[in-house]
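A.B. asks: So here's data.pdb, just PDB, C-alpha atoms:
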ATOM      1  CA  MET A  24    -145.263  55.569  54.224
ATOM      2  CA  VAL A  25    -144.415  57.828  51.290
ATOM      3  CA  PRO A  26    -141.975  56.243  48.834
ATOM      4  CA  GLU A  27    -138.654  58.034  48.482
ATOM      5  CA  ARG A  28    -138.040  59.862  45.240
ATOM      6  CA  VAL A  29    -134.596  59.104  43.802
ATOM      7  CA  ILE A  30    -133.050  61.570  41.357
ATOM      8  CA  GLY A  31    -129.759  60.552  39.770
ATOM      9  CA  GLY A  32    -129.098  58.056  42.569
ATOM     10  CA  VAL A  33    -129.713  60.692  45.254
ATOM     11  CA  VAL A  34    -132.663  61.077  47.584
ATOM     12  CA  PRO A  35    -133.239  64.838  47.856
ATOM     13  CA  SER A  36    -133.638  66.371  51.291
ATOM     14  CA  PRO A  37    -137.255  67.076  52.219
ATOM     15  CA  VAL A  38    -136.078  70.361  53.757
ATOM     16  CA  ARG A  39    -135.003  73.030  51.341
ATOM     17  CA  PRO A  40    -132.034  74.611  53.047
ATOM     18  CA  GLY A  41    -131.705  78.366  52.837
ATOM     19  CA  PRO A  42    -128.530  80.350  53.098
ATOM     20  CA  THR A  43    -126.431  79.772  56.184
ATOM     21  CA  GLY A  44    -123.736  81.670  58.011
ATOM     22  CA  ILE A  45    -122.865  85.064  56.646
ATOM     23  CA  ALA A  46    -124.934  84.380  53.513
ATOM     24  CA  ALA A  47    -128.015  84.386  55.744
ATOM     25  CA  VAL A  48    -127.412  88.024  56.674
ATOM     26  CA  GLN A  49    -129.445  90.090  54.282
ATOM     27  CA  THR A  50    -129.214  93.820  53.837
ATOM     28  CA  GLU A  51    -130.530  96.400  51.434
ATOM     29  CA  HIS A  52    -127.063  97.908  50.966
ATOM     30  CA  LEU A  53    -124.913  95.048  49.696
ATOM     31  CA  ILE A  54    -121.380  95.804  48.581
ATOM     32  CA  SER A  55    -121.644  95.952  44.806
ATOM     33  CA  ASP A  56    -117.944  95.991  43.938
ATOM     34  CA  ILE A  57    -115.348  93.367  44.861
ATOM     35  CA  GLY A  58    -112.865  96.203  45.429
ATOM     36  CA  ASP A  59    -115.125  97.658  48.139
ATOM     37  CA  ALA A  60    -115.385  94.255  49.803
ATOM     38  CA  LEU A  61    -111.618  93.770  49.725
ATOM     39  CA  ARG A  62    -110.979  97.267  51.141
ATOM     40  CA  LEU A  63    -113.432  96.542  53.983
ATOM     41  CA  LEU A  64    -111.746  93.230  54.756
ATOM     42  CA  ASP A  65    -108.339  94.910  54.614
ATOM     43  CA  ALA A  66    -109.462  97.574  57.106
ATOM     44  CA  VAL A  67    -110.846  94.923  59.463
ATOM     45  CA  GLU A  68    -107.590  92.967  59.207
ATOM     46  CA  ARG A  69    -105.503  96.091  59.916
ATOM     47  CA  VAL A  70    -107.490  96.803  63.080
ATOM     48  CA  ARG A  71    -107.237  93.160  64.152
ATOM     49  CA  GLY A  72    -103.497  93.243  63.526
ATOM     50  CA  HIS A  73    -103.071  96.294  65.761
ATOM     51  CA  ALA A  74    -105.409  94.904  68.409
ATOM     52  CA  HIS A  75    -103.507  91.629  68.740
ATOM     53  CA  PRO A  76    -100.454  93.151  70.511
ATOM     54  CA  LEU A  77    -102.820  95.062  72.811
ATOM     55  CA  ILE A  78    -104.565  91.824  73.745
ATOM     56  CA  LEU A  79    -101.232  90.114  74.359
ATOM     57  CA  GLY A  80    -100.172  93.030  76.564
ATOM     58  CA  LEU A  81    -103.410  92.845  78.555
ATOM     59  CA  GLN A  82    -102.969  89.093  79.008
ATOM     60  CA  GLU A  83     -99.407  89.554  80.218
ATOM     61  CA  ALA A  84    -100.376  92.371  82.580
ATOM     62  CA  ILE A  85    -103.125  90.393  84.307
ATOM     63  CA  GLY A  86    -101.474  86.985  84.090
ATOM     64  CA  ILE A  87    -104.283  85.114  82.307
ATOM     65  CA  LYS A  88    -105.326  84.717  78.678
ATOM     66  CA  MET A  89    -108.446  86.379  77.301
ATOM     67  CA  PRO A  90    -110.582  83.217  77.113
ATOM     68  CA  ALA A  91    -109.948  82.599  80.830
ATOM     69  CA  ALA A  92    -110.652  86.272  81.559
ATOM     70  CA  LEU A  93    -113.986  85.956  79.738
ATOM     71  CA  VAL A  94    -114.846  82.863  81.791
ATOM     72  CA  LEU A  95    -113.861  84.678  84.990
ATOM     73  CA  SER A  96    -116.018  87.634  83.983
ATOM     74  CA  ALA A  97    -118.981  85.351  83.237
ATOM     75  CA  ILE A  98    -118.719  83.821  86.703
ATOM     76  CA  ALA A  99    -118.464  87.296  88.239
ATOM     77  CA  ASN A 100    -121.633  88.162  86.309
ATOM     78  CA  GLY A 101    -123.536  85.411  88.118
ATOM     79  CA  ARG A 102    -123.107  82.369  85.888
ATOM     80  CA  THR A 103    -123.068  79.393  88.243
ATOM     81  CA  THR A 104    -122.550  76.398  85.942
ATOM     82  CA  ALA A 105    -120.125  75.485  83.180
ATOM     83  CA  HIS A 106    -123.093  75.373  80.780
ATOM     84  CA  GLU A 107    -124.141  78.940  81.665
ATOM     85  CA  VAL A 108    -120.542  80.147  81.369
ATOM     86  CA  ALA A 109    -120.157  78.403  78.005
ATOM     87  CA  LYS A 110    -123.321  79.992  76.679
ATOM     88  CA  GLN A 111    -122.267  83.508  77.706
ATOM     89  CA  VAL A 112    -118.678  83.193  76.479
ATOM     90  CA  GLY A 113    -119.455  81.272  73.280
ATOM     91  CA  ILE A 114    -117.470  78.117  74.007
ATOM     92  CA  THR A 115    -118.399  74.493  74.614
ATOM     93  CA  PRO A 116    -119.325  73.336  78.118
ATOM     94  CA  GLY A 117    -116.207  71.119  78.092
ATOM     95  CA  GLU A 118    -113.993  74.118  77.344
ATOM     96  CA  ALA A 119    -115.734  76.033  80.116
ATOM     97  CA  GLU A 120    -115.102  73.185  82.572
ATOM     98  CA  LEU A 121    -111.394  73.178  81.687
ATOM     99  CA  ALA A 122    -111.144  76.952  82.033
ATOM    100  CA  ILE A 123    -112.952  76.837  85.384
ATOM    101  CA  ALA A 124    -110.555  74.131  86.611
ATOM    102  CA  ASP A 125    -107.568  76.240  85.497
ATOM    103  CA  LEU A 126    -108.978  79.325  87.218
ATOM    104  CA  GLU A 127    -109.591  77.275  90.365
ATOM    105  CA  ALA A 128    -105.971  76.049  90.294
ATOM    106  CA  LEU A 129    -104.874  79.698  90.090
ATOM    107  CA  GLY A 130    -107.069  80.542  93.090
ATOM    108  CA  MET A 131    -109.353  82.860  91.102
ATOM    109  CA  VAL A 132    -112.573  80.871  91.467
ATOM    110  CA  ARG A 133    -113.981  78.442  93.967
ATOM    111  CA  THR A 134    -116.296  75.644  92.846
ATOM    112  CA  THR A 135    -117.597  74.478  96.214
ATOM    113  CA  PRO A 136    -120.092  75.012  97.653
ATOM    114  CA  GLY A 137    -120.915  76.984  94.482
ATOM    115  CA  LEU A 138    -119.105  78.557  91.560
ATOM    116  CA  ILE A 139    -117.872  81.982  92.665
ATOM    117  CA  VAL A 140    -115.013  84.381  91.997
ATOM    118  CA  THR A 141    -112.491  84.663  94.836
ATOM    119  CA  SER A 142    -110.889  87.904  95.988
ATOM    120  CA  THR A 143    -107.847  87.061  93.832
ATOM    121  CA  GLY A 144    -110.137  86.687  90.815
ATOM    122  CA  GLN A 145    -111.874  89.968  91.654
ATOM    123  CA  ALA A 146    -108.474  91.683  91.787
ATOM    124  CA  ARG A 147    -107.593  90.314  88.324
ATOM    125  CA  LEU A 148    -110.921  91.514  86.936
ATOM    126  CA  SER A 149    -110.327  94.964  88.414
ATOM    127  CA  GLN A 150    -106.887  95.068  86.772
ATOM    128  CA  LEU A 151    -108.410  94.033  83.462
ATOM    129  CA  ASP A 152    -111.130  96.682  83.747
ATOM    130  CA  GLY A 153    -108.581  99.398  84.424
ATOM    131  CA  LEU A 154    -106.334  98.377  81.550
ATOM    132  CA  THR A 155    -109.262  97.972  79.177
ATOM    133  CA  VAL A 156    -110.460 101.488  79.979
ATOM    134  CA  ARG A 157    -106.992 102.813  79.112
ATOM    135  CA  VAL A 158    -106.989 100.979  75.778
ATOM    136  CA  LEU A 159    -110.486 102.196  74.961
ATOM    137  CA  ASP A 160    -109.443 105.739  75.884
ATOM    138  CA  VAL A 161    -106.788 105.502  73.174
ATOM    139  CA  VAL A 162    -109.376 104.363  70.625
ATOM    140  CA  THR A 163    -111.904 107.031  71.578
ATOM    141  CA  GLY A 164    -109.106 109.608  71.626
ATOM    142  CA  ILE A 165    -108.269 108.692  68.022
ATOM    143  CA  LEU A 166    -111.893 108.900  66.919
ATOM    144  CA  GLY A 167    -113.365 111.581  69.139
ATOM    145  CA  PRO A 168    -116.669 111.197  71.006
ATOM    146  CA  THR A 169    -119.025 111.425  68.004
ATOM    147  CA  ASP A 170    -117.167 108.934  65.818
ATOM    148  CA  ALA A 171    -116.589 106.620  68.811
ATOM    149  CA  ALA A 172    -120.340 106.531  69.518
ATOM    150  CA  HIS A 173    -120.991 105.897  65.828
ATOM    151  CA  LEU A 174    -118.435 103.049  65.812
ATOM    152  CA  VAL A 175    -120.128 101.462  68.831
ATOM    153  CA  ARG A 176    -123.514 101.588  67.062
ATOM    154  CA  LEU A 177    -122.016 100.106  63.879
ATOM    155  CA  LEU A 178    -120.248  97.297  65.740
ATOM    156  CA  HIS A 179    -123.476  96.400  67.561
ATOM    157  CA  THR A 180    -125.309  96.350  64.229
ATOM    158  CA  VAL A 181    -122.690  94.010  62.735
ATOM    159  CA  ALA A 182    -122.714  91.775  65.840
ATOM    160  CA  ASP A 183    -126.526  91.590  65.761
ATOM    161  CA  GLY A 184    -126.441  90.639  62.081
ATOM    162  CA  LEU A 185    -123.814  87.964  62.614
ATOM    163  CA  GLU A 186    -125.751  86.561  65.587
ATOM    164  CA  SER A 187    -128.872  86.414  63.409
ATOM    165  CA  ALA A 188    -126.862  84.588  60.745
ATOM    166  CA  SER A 189    -125.622  82.002  63.227
ATOM    167  CA  VAL A 190    -129.163  81.492  64.551
ATOM    168  CA  ALA A 191    -130.455  81.118  60.995
ATOM    169  CA  ALA A 192    -127.721  78.582  60.278
ATOM    170  CA  ALA A 193    -128.612  76.616  63.413
ATOM    171  CA  VAL A 194    -132.343  76.617  62.602
ATOM    172  CA  ASN A 195    -131.913  75.793  58.924
ATOM    173  CA  PRO A 196    -128.737  73.726  58.608
ATOM    174  CA  THR A 197    -127.632  72.443  55.250
ATOM    175  CA  LEU A 198    -128.495  68.761  55.332
ATOM    176  CA  PRO A 199    -126.271  66.311  53.480
ATOM    177  CA  GLN A 200    -127.877  64.408  50.659
ATOM    178  CA  VAL A 201    -128.242  60.643  51.192
ATOM    179  CA  LEU A 202    -126.717  58.453  48.511
ATOM    180  CA  HIS A 203    -128.199  55.071  47.648
ATOM    181  CA  ASN A 204    -126.347  52.385  45.684
TER     182      ASN A 204
END
Do you think you could lay out the structure here as structure tokens?

C.D. replies:
Amino acid sequence: MVPERVIGGVVPSPVRPGPTGIAAVQTEHLISDIGDALRLLDAVERVRGHAHPLILGLQEAIGIKMPAALVLSAIANGRTTAHEVAKQVGITPGEAELAIADLEALGMVRTTPGLIVTSTGQARLSQLDGLTVRVLDVVTGILGPTDAAHLVRLLHTVADGLESASVAAAVNPTLPQVLHN
């Protein structure tokens, strides 16, 4: 067994952690000015602020909140277990189980003999699709077809980068240092 090296009362981690989270996303075109970064964050916050009432309106119109709608959509897309639903939606399996139970109580899914969307759930998804298309029509109407296509490409690029960052963080977590007295 290799003896532990103690530096200043601390045993250093044998794994040298790299950057995690957003810091793990690397690009050749980093924002060089704090003003640029703040303007970008302000623009993102403005869009989020305007999107929030739209989301609330969609939730009210279809009678379920967005997390439940995402779970319902995942089931409609063939996910047959709480674990599969959780993975697609980005929640814990426990949260997925609770959402599935709530949707079952509302008559939108059935869990036996297998996890499926009922006709009531299909109707809610159809309502959501129709309303979502209307909202997206407003956005694409503001931008026009060329800028809308460009925005879609940019959002996918950002999402891919953030997913890579979360994978990098999961593979190379920052390990706490062990203290010895």

A.B. asks: Could you work out how far CA of Ala146 (chain A) lies from CA of Gly80 (chain A), giving the answer in Å with one decimal?

C.D. replies: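 These atoms are spaced 17.4 Å apart.
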
A.B. asks: Every residue with an atom at most 10 Å from (-112.2, 89.8, 78.8) (file coordinates; all atoms listed in the file) is what I'm after, so could you write them as a ChimeraX atom specification?

C.D. replies: /A:78,81-82,87-97,112,148,151-152,155

A.B. asks: When the PyMOL selection byres ((chain A and resi 103-108) around 8) is applied to the file above, which residues end up in the set, as a compact mmCIF listing (two decimals) with C-alpha atoms, in the coordinates of the input?

C.D. replies:
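File produced: expr11.txt:
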# COMPACT_ATOMS: atom_id res chain seq x y z
CA VAL A 94 -114.85 82.86 81.79
CA ALA A 97 -118.98 85.35 83.24
CA ILE A 98 -118.72 83.82 86.70
CA GLY A 101 -123.54 85.41 88.12
CA ARG A 102 -123.11 82.37 85.89
CA ALA A 109 -120.16 78.40 78.00
CA LYS A 110 -123.32 79.99 76.68
CA GLN A 111 -122.27 83.51 77.71
CA VAL A 112 -118.68 83.19 76.48
CA THR A 115 -118.40 74.49 74.61
CA PRO A 116 -119.32 73.34 78.12
CA GLY A 117 -116.21 71.12 78.09
CA ALA A 119 -115.73 76.03 80.12
CA GLU A 120 -115.10 73.18 82.57
CA ILE A 123 -112.95 76.84 85.38
CA GLY A 137 -120.92 76.98 94.48
CA LEU A 138 -119.10 78.56 91.56
CA ILE A 139 -117.87 81.98 92.66

A.B. asks: Taking 2 positions as the minimum chain separation for residues in the same chain, which residues sit within 12 Å of region 172-181 of chain A when counting all atoms listed in the file? Answer as a list in words.

C.D. replies: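 The residues that qualify are Ile45, Val48, Gln49, Thr50, Val67, Leu159, Val162, Thr163, Gly164, Ile165, Leu166, Gly167, Pro168, Thr169, Asp170, Asp183, Gly184, Leu185, Glu186, Ser187 and Ala188 of chain A.
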
A.B. asks: Pull out every residue that the PyMOL selection byres ((chain A and resi 141) around 6) matches in the shown coordinates and put them as a PyMOL selection string.

C.D. replies: chain A and resi 131-132+140+142-144

A.B. asks: Have a look at CA of Ser149 (chain A) and CA of Ala84 (chain A) and let me know their distance in Å, one decimal.

C.D. replies: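 Interatomic distance, CA of Ser149 (chain A) to CA of Ala84 (chain A): 11.8 Å.
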
A.B. asks: Which is closer to Gln145 (chain A) than all the others in A:Leu77, A:Ala171, A:Leu126, A:Ala60, using only C-alpha atoms?

C.D. replies: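 Result for the nearest residue to Gln145 (chain A): A:Leu126.
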
A.B. asks: For CA of Ile85 (chain A) and CA of Leu129 (chain A), determine how far apart the two atoms are, in Å to one decimal place.

C.D. replies: 12.3 Å
